[in-house]
Every structure is written in structure tokens, then in C-alpha cells.
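Data block below; observations after.
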Amino acid sequence: MELALAPETLARWQFGITTVYHFLFVPLTISLAALTAGLQTAWVRTEKEKYLRATKFWGKLFLINIAMGVVTGIVQEFQFGMNWSDYSRFVGDIFGAPLAFEALLAFFFESTFIGLWIFGWDKLPKKLHLACIWMVSLGTFLSAYFILAANSWMQHPVGYRINESRGRAELTDFWAVLTQNTALSQAFHTLSASFLTGGAFMVGIAAFHLLRKKHVRVMKTSLRLGLVTVVVAGLLTAVSGDVLGKVMFKQQPMKMAAAEALWDGQSPAPFSVFAYGDVEKGHNSVAVEIPGLLSFLADDNFSSYVPGINDVNKAEQEKYGPGDYRPNIPVTFWGFRWMIGFGMTSFALGLAGLWFTRKKFLLPQHLRVGEDEVPHLVLFRNKALGPTLTTWYWRAAILTLGFPLLANSWGWIFTEMGRQPWVVYGVLRTGDAVSPGVSQGEVLTSMLTFTALYAILAVVEVKLLVKYVKAGPPELTEADLNPPTKIGGDSRDADKPMAFSY
Amino acid sequence: MELHDVWFVLIAVLWTGYFFLEGFDFGVGVLTRLLARNRSEKRVLINTIGPVWDGNEVWLLTAGGATFAAFPEWYATLFSGFYLPLLVILVCLIVRGVAFEYRAKRPEERWQRNWETAIFWASLLPAFLWGVAFANIVRGVKIDSDLEYVGNLWDLLNPYALLGGVVTLALFTFHGTVFVGLKTVGEIRERARRLALRVGAATAVLALVFLLWTQADKGDTGSLVALVVAVAALVTALGAARVGREGWAFALSGVTVVAVVAMFFLTLFPNVMPSSLDPDWSLTVTNSSSSPYTLKIMTWCAGIATPLVLLYQGWTYWVFRKRIGTHHLADAAH
């Protein structure tokens, strides 16, 4: 079956759907692994039961989430070969290596130690069991780094040469691929955004319970941890975004010009708050702008020249031959704005929450609360928010758990769509990367299959999350409080039920 | 031995690791219908592989990633060529993973039964399809001068390949049965032993036919050795299962898996995917491999990481060495 579509259209849709979906789970996995590990560390160090209950609660949500992250990741490992065989042939020499490193160094770590952590509560001594979740966390970081290095190579290919006789790109400097500034800044940005995501997830769920005055002790601790995470990670996300933006202005001026709908180069160049225009004619009919800000973002100087879409298009035509080198401008422009907008809204709500719930010593006597009371949201020195505003803040805080997920998705859509028509910038066009032997009917079949399957699993997953969120932190059992002292479990009673079983 | 030969061996090792490890957990999945008499026995079965199935599956991801890095042409031709069977495998692996993790997370019987059905089918199908895929690789498929697969789905479903699928399914089920004998206590352990004899005998017959067919078609001295080892190990495994030496039975069914995979790769070398249209169009270790520089880096990585992986995965099996039975499972949904 052949449809009247460009050969890459369906393969791109499939890649977009499966990857954006996969990336809903990835940042939560990265951040919740570390946050859960942090809570468990607090339990091991202080022996305060609230930390163990928090560990169990967030650990459960983490596991429900990572299960989806793992299985949707399997598709990622194989779809390059399935839908993008010419891409795989052309860049496998370079792109395959970080993927193989990821599997060998990171996936084995994650999958093995997650099994030990899940089933190990009554099999491993306390500290060894704690080490397992930290190993999982380390695995998630390594995994993120390798795959981002691979993606960075697509954004900005380095450390390679073209072998004409084999018709492919070959690696000449692996270290350059791993440590180029694109990879470093992209990893910095993605990891900090991941923690913004996990922090907001914690804040949202803690707010849900605090609004209902339930599980207060555990949720207060979780709220504070979440808020601090949101604020620190939000700040780092903004800083790293700025760094990555500057790198992109140099490496992919087209992407950044499109992100700003800046049609013609200007000096100084303004930052566009809103624009509406005609893509065919290449100009904006409506534009709300902040003068000079774009120059500053691109180059740290309020009056620097920033090239526009038309300029870059012309330059690329001269360099790579005739053609249209413009990405989809509206998607790039709005993707960039949704990314920043959703991310920073979450950060702002976190910052407000951190101030509202500040520590006791900053509060007057009558606004301090005990360990089992929901904190007052204190606006000024002596003034707490009224009941209506308090309810509204908690509601907004619940909503904030979704914002970073949207920001992450738009961030990827922006950076990948903004690189078009290239799959490897300046080296390989997306249209030349698909599998020539795979029919559109086959791609359509797999795209529809994955989309349907993922939709069903999304419903299942969200329902399960909601169930466990509502259930709240579990009560602790004797076994929880008396972990084994020997590896493999204490042999006092060989017929004792397992602490955890499927 | 050049680096691309080293990587041919390493890819073979990764697939061997995958089939050895996930082989028995596919088998356990199949046994949820074949062996378990009630739902708590199903649970016992699922929990024998609970802590380890995920780590076992990573051998596949690593085999995939390493093939991409070391033999990009092989990766590209294989996965774009075997498109639809691979799609089915991927769907199964997704459903299966979620099934293990989510089944016990709600108490409702319908919920749990649905996931149990999923575990059975999503274990059975890949166990069969991997055999179909490898038999086709060994047999040779329609590859043109551009190293593209030009056959269709029906070309892949030939009698030899289908027999290969039945053999891997039977072998993995046998491997799973002796694993269950080794990991459980109580009545289910006794029944696993008895079932192992039946499944093992059927596997031996099927495997003998398939391996002789392979040997007659593609074999050389090396593959003959692998064939003899495979059959001898399988028969001895049966004997061990009969006299109740569960550890030996499992080790020997493992040797069978290793020998069968070894036979696949021995008949292939120096090809990685022979063309049935013209031998000159075959993918070989030379025309499909990466540059020496990439292979060198990968060799360092694999050389350091693989022993470590074996070490900590081995440790996991030791941590969870206790046998389990129905009385070890608490009722509550987790």
C-alpha cells in the first residue's frame, strides 16, 4: 500500500508519538528514583517512620511509572532499524555506540537493581537495600547521558568523517561526541527539567492530600521536598536553557530564528512574545515584541545581530544546494513558547509555595503549626492566606504536576521539528533516512498498533496511579521495621510470606 | 581474529545470554497455563522470575544496541526486513512487562486474570517468533544487491522457519519447567518434574529433526559439534530431571540453549545474514561491520562491562535463591 504522502511522513509520526509518549515516563523515572532514594536515605539515617512511609508511597508511584518507561523504551531500541534503516546504515558507526553503551552500562544497572529493590525489602540488609535504589538512580543518569549524547550528535555532528566508498559517516573521535558542548548543555537542561517534573509531581500529589487534611505528616515532608526540588531544578532549567539556547543560536541558527518567527535579521533583535504571520510570504502580520532581548539571549549583548529565517534559508541554499531549509515555523515558534511557559509556571507556583510554607523560625508564634497539622500559607509576616485563597493555591499546586510534562513534550517537539528538514543537521536529510524496503502500509500498521496500545496503557496506568495516590502512604508492618541482617533474608522462619510478591 | 570477528562472537554471546535467561522466563510464562492448576500456583510461577525478568530482557536490548553499533547494515536489514514479526514481538514484550508489574496492583479477579492471559500469550509468541526469525537468518532470505530485504511476510513463514519456531518454543518451555523445579517447593515442584520429562522428550524429538535439517543444509564440522552437544545435553538434562537432580537438569537445559544458539552462529559465519538470491549479496562480517575505530571502543566497553554485568546479575540470583511455594505469598494486593 502506498499513500500520497512523503515517504518519511508516517515514520516521523510514529517516531513522534512513541518518543513523546516514552518521554512522559523518562523524566519522572529519573527524578523519582533519586527523590525516593533521598527519602530512603533519610529513613536509614534518622529512623523516623515518616521517611519510610514516604519512601514506600513514592516508591510505589515510581514503580508504576518506571514499568511504562521500560517497556516503551524497548520500541526505541528497535525502531531505528525498522523505520529508519537508511539512517541506521549511514550513521550506525557513530550513533550505535552510545546506544550500545547505554544498554551495557545503564540498562543492566537499572533493571537488575530495580528487581533487587522491589523484592529486596526482606532479603537485603537495610543499607545494602538502600544502595540498590541509588544504583538504579545512577543507571537512569547514565542512560540519559548516553542517549542525549547520541541526540546531540544529530543536532550538531562532531568527531566523524564521511567515508565516500562505504557511503556512510564514520566515527573518528568518540570523546568529542560524548563531551561536545551540545551534549553537555542538553544533558544539563534535560536532567534539570526532569527534576522539575518529579518535584512538581510530588508537590501536586502532596497538595491533593493536604487540601483534604489527610496523611499530613508524610505529605508535609513530601511537599517541602517537592517544592525545594521544583525551585532549585526550575532555576537550573532556566539557566541551562539559556546556555543551550546560546549553543543553538550558533549551531542551528534556523531553529532559533524559527523559534522567534524572526524572518529577517536584525540588530538589535527583539524577543517575540506573540506573533501571527504568513509562512509562505515570510513575514509576520501581528507581532508583540520586547526590543533587544533576543540579541541578549543569543549573544549576551543587547545589540548583537541575529540572522532571520530568510537569511539562514538563503545561506543554507548556497551551502547545500537548492531547496527549502525552513522547519515548520508555527510548530517551532509555539513549541518554544509552550515549553518555556509551562515550565516556568510550574517554577513560579513552586516558588510561591516555598515562601508560603516557609520554616517555623521565619513565622510568628500564632502561625506555627504542629507536626500533624496542615501548614498555614503565610503571605506576609503576620498574614496567612484566607480559606478561599488557600484552597485555590492547593488546587493550582495539584495542577502543576502536569505542567512540566507538557513543557517536556513541547521541548522535544520544538528541538526535533526545528531541526527539519535534517535528521542529522547539515549531513543527512530526514527524507533520505527512511527504510526503502518498508511499505507505507507496514508503517501505518505499526503506527496504529503502537498508538492504540499506548492509549490503552495510558488509561490503565493513570487509573492505577490515581488509586495508589488516593490510598496514601501505607501503614508500616513489623517486617518493615525489622529489616533482615543477612543477605538472602534471615532464616528464622523459612515459611514466612515474602514482604513483596507479584 | 579481526575485531569484526570478535564482535560476531560477542553478538552471539549476547543472544545466547538472552535466550538462556529470557528463555526460561518465557517458559515460565507458558507454564502459567500448562502447569499451574489454580491462581495461587500461577502466582508462584510468576514470582519465581519476578525479581529477574527485567534484567534478563536487557540482554535483548543490548544485543540490539550492539548490533546497531558493530554491524549497522545487519541491524538495518534485519529489523526493517523482519518488520511485522518484530512488531508482534515488541507488542508482546510491552504487554508482558506491564503485566508482571501491574497484575498484583489491583485485587479484582478480572483484572488479574486479564494480565495472566497476557503473560501467557506474550511469552508464547516471542518464544516462537524468535525461533522463526533465527531459522530464517540461518536459511537465508531474499536480500538484494543493496543489502535490502526484498521478500515479504509469507517468505518468512516457510516450513523450516516454522519448525525452528516450534523448537525454540518447546526448548524454552522445557528450560522453564526445569527452572520451576529448581525454584519452587511443594506439589508444584513435583508436577514440574513430571512435566519436564514430557516436554523434554517432545523437545528432543523436534530439536533433533530441526538441527539435523540445519546440519544437512548449512552445516560444517563446527556446527556438527554444536549439534551433538545440544542433543547430548538435552538427553542428559532429561535423565537428570528424572532422577530429581534439579540443579543439573537446569544447567544442562541451559547448555542445550547455548549449543543451539552456537549452532546458528557457527552455520552463519562469516555471513551474518546470507542472501538466498545471490551469495554475493549476503551480509557478512566485513561488509556490514562498523569501522575498526568504533569496534575498538566498543570492545573496551564490552570487555569491562560484560563481566561486571554477569557478576551483579549472578549475585541477584543468589540473593533470591530461596525456593518459593504458595504459602510464601501474602494475599494483599500491592
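So you can find residues: chains in the C-alpha cells are A, B, ... in the order shown, residues in each start at 1, and ligands are numbered from 1 in order.
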Item to complete: Would you please give, as a PyMOL selection string, all residues of range 307-451 of chain A that DSSP assigns to strand (DSSP E) based on the backbone?
Response: chain A and resi 422-424+428-429
Let's have the selection written as an mmCIF file, in the first residue's frame, with C-alpha atoms.
```cif
data_model
loop_
_atom_site.group_PDB
_atom_site.id
_atom_site.type_symbol
_atom_site.label_atom_id
_atom_site.label_comp_id
_atom_site.auth_asym_id
_atom_site.auth_seq_id
_atom_site.Cartn_x
_atom_site.Cartn_y
_atom_site.Cartn_z
ATOM 1 C CA TRP A 422 17.568 17.464 8.554
ATOM 2 C CA VAL A 423 17.739 14.301 10.616
ATOM 3 C CA VAL A 424 21.461 14.892 11.148
ATOM 4 C CA LEU A 428 21.542 13.748 6.274
ATOM 5 C CA ARG A 429 18.013 14.769 5.313
#
```
I want to know what sits within 8 Å of Thr294 in chain B, based on only C-alpha atoms, with residues of the same chain fewer than 2 positions away left out; could you give that as a ChimeraX atom specification?
/A:93-94,97,171 /B:69-70,290-292,296-298
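Nearest-residue note for chain B: choosing from A:Leu399, A:Ala187, A:Ala37, A:Ile487, the minimum distance belongs to A:Ile487, counting only C-alpha atoms.
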Counting only C-alpha atoms, which residues from chain A have an atom at most 6 Å from any atom of chain B, and could you show them as a PyMOL selection string? chain A and resi 71+81-82+85+88-89+92-93+96-97+99-100+103+111-112+115+488+497-498+502
Go ahead and save the residues from that selection, with C-alpha atoms, as an mmCIF file, in the first residue's frame.
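What landed in again_35.cif:
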```
data_model
loop_
_atom_site.group_PDB
_atom_site.id
_atom_site.type_symbol
_atom_site.label_atom_id
_atom_site.label_comp_id
_atom_site.auth_asym_id
_atom_site.auth_seq_id
_atom_site.Cartn_x
_atom_site.Cartn_y
_atom_site.Cartn_z
ATOM 1 C CA VAL A 71 8.545 -1.178 28.092
ATOM 2 C CA GLY A 81 16.226 -0.297 12.263
ATOM 3 C CA MET A 82 12.566 -0.821 11.435
ATOM 4 C CA SER A 85 17.123 1.707 8.009
ATOM 5 C CA SER A 88 20.905 3.295 10.591
ATOM 6 C CA ARG A 89 23.193 2.317 7.724
ATOM 7 C CA GLY A 92 25.282 3.369 12.795
ATOM 8 C CA ASP A 93 29.050 3.585 13.082
ATOM 9 C CA GLY A 96 25.060 2.958 17.567
ATOM 10 C CA ALA A 97 27.941 3.253 20.008
ATOM 11 C CA LEU A 99 23.142 3.241 22.346
ATOM 12 C CA ALA A 100 25.192 0.133 22.993
ATOM 13 C CA ALA A 103 22.403 -0.769 27.189
ATOM 14 C CA SER A 111 16.860 -3.373 35.510
ATOM 15 C CA THR A 112 18.924 -5.582 37.808
ATOM 16 C CA GLY A 115 14.461 -6.041 40.803
ATOM 17 C CA GLY A 488 19.028 -13.512 51.307
ATOM 18 C CA PRO A 497 5.437 -14.918 53.437
ATOM 19 C CA MET A 498 7.514 -12.701 51.194
ATOM 20 C CA TYR A 502 3.760 -10.006 42.326
#
```
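Considering only C-alpha atoms, the residue among B:Phe179, B:Phe264, B:Phe174, B:Phe19 positioned nearest to Ala204 in chain B is B:Phe174.
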Practice task
Taking the DSSP assignment computed from this structure's backbone, write out as a ChimeraX atom specification all residues of range 17-171 of chain B that belong to helix (DSSP H, G or I).
Solution key: /B:17-34,39-49,53-70,72-81,83-105,109-139,153-156,159-171
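In this structure, CA of Ala202 in chain B sits 9.4 Å away from CA of Val167 in chain B.
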For Val199 in chain B, the closest of B:Leu277, B:Val132, B:Leu224, B:Ala237 counting only C-alpha atoms is B:Ala237
Selection: 9 Å around Arg53 in chain A, only C-alpha atoms, excl. self and same-chain fewer than 4 positions, as a list of chain:residue names:
A:Trp43, A:Glu49, A:Phe57, A:Trp58, A:Val218, A:Pro473, A:Pro474, A:Glu475, A:Leu476
What would the file look like if the residues just selected were written as a PDB file, in the first residue's frame with N, CA and C atoms?
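As a result, part.pdb now contains:
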```
ATOM      1  N   TRP A  43      15.412   7.893  55.948  1.00  0.00           N
ATOM      2  CA  TRP A  43      14.911   6.841  56.847  1.00  0.00           C
ATOM      3  C   TRP A  43      16.064   6.078  57.486  1.00  0.00           C
ATOM      4  N   GLU A  49       9.836   7.279  61.166  1.00  0.00           N
ATOM      5  CA  GLU A  49       8.940   6.442  60.369  1.00  0.00           C
ATOM      6  C   GLU A  49       8.314   7.171  59.189  1.00  0.00           C
ATOM      7  N   PHE A  57       5.504   5.059  49.761  1.00  0.00           N
ATOM      8  CA  PHE A  57       4.466   5.698  48.943  1.00  0.00           C
ATOM      9  C   PHE A  57       5.024   6.161  47.594  1.00  0.00           C
ATOM     10  N   TRP A  58       6.075   6.952  47.621  1.00  0.00           N
ATOM     11  CA  TRP A  58       6.624   7.468  46.364  1.00  0.00           C
ATOM     12  C   TRP A  58       7.284   6.366  45.564  1.00  0.00           C
ATOM     13  N   VAL A 218       3.379  12.787  56.547  1.00  0.00           N
ATOM     14  CA  VAL A 218       4.173  12.338  55.399  1.00  0.00           C
ATOM     15  C   VAL A 218       4.080  13.348  54.254  1.00  0.00           C
ATOM     16  N   PRO A 473       0.058   6.961  51.909  1.00  0.00           N
ATOM     17  CA  PRO A 473       1.183   6.155  52.351  1.00  0.00           C
ATOM     18  C   PRO A 473       0.708   4.962  53.168  1.00  0.00           C
ATOM     19  N   PRO A 474       1.324   3.795  52.995  1.00  0.00           N
ATOM     20  CA  PRO A 474       0.890   2.591  53.700  1.00  0.00           C
ATOM     21  C   PRO A 474       1.275   2.637  55.179  1.00  0.00           C
ATOM     22  N   GLU A 475       0.525   1.889  56.007  1.00  0.00           N
ATOM     23  CA  GLU A 475       0.953   1.694  57.391  1.00  0.00           C
ATOM     24  C   GLU A 475       2.148   0.753  57.396  1.00  0.00           C
ATOM     25  N   LEU A 476       3.022   0.940  58.374  1.00  0.00           N
ATOM     26  CA  LEU A 476       4.217   0.098  58.400  1.00  0.00           C
ATOM     27  C   LEU A 476       3.930  -1.212  59.140  1.00  0.00           C
TER      28      LEU A 476
END
```
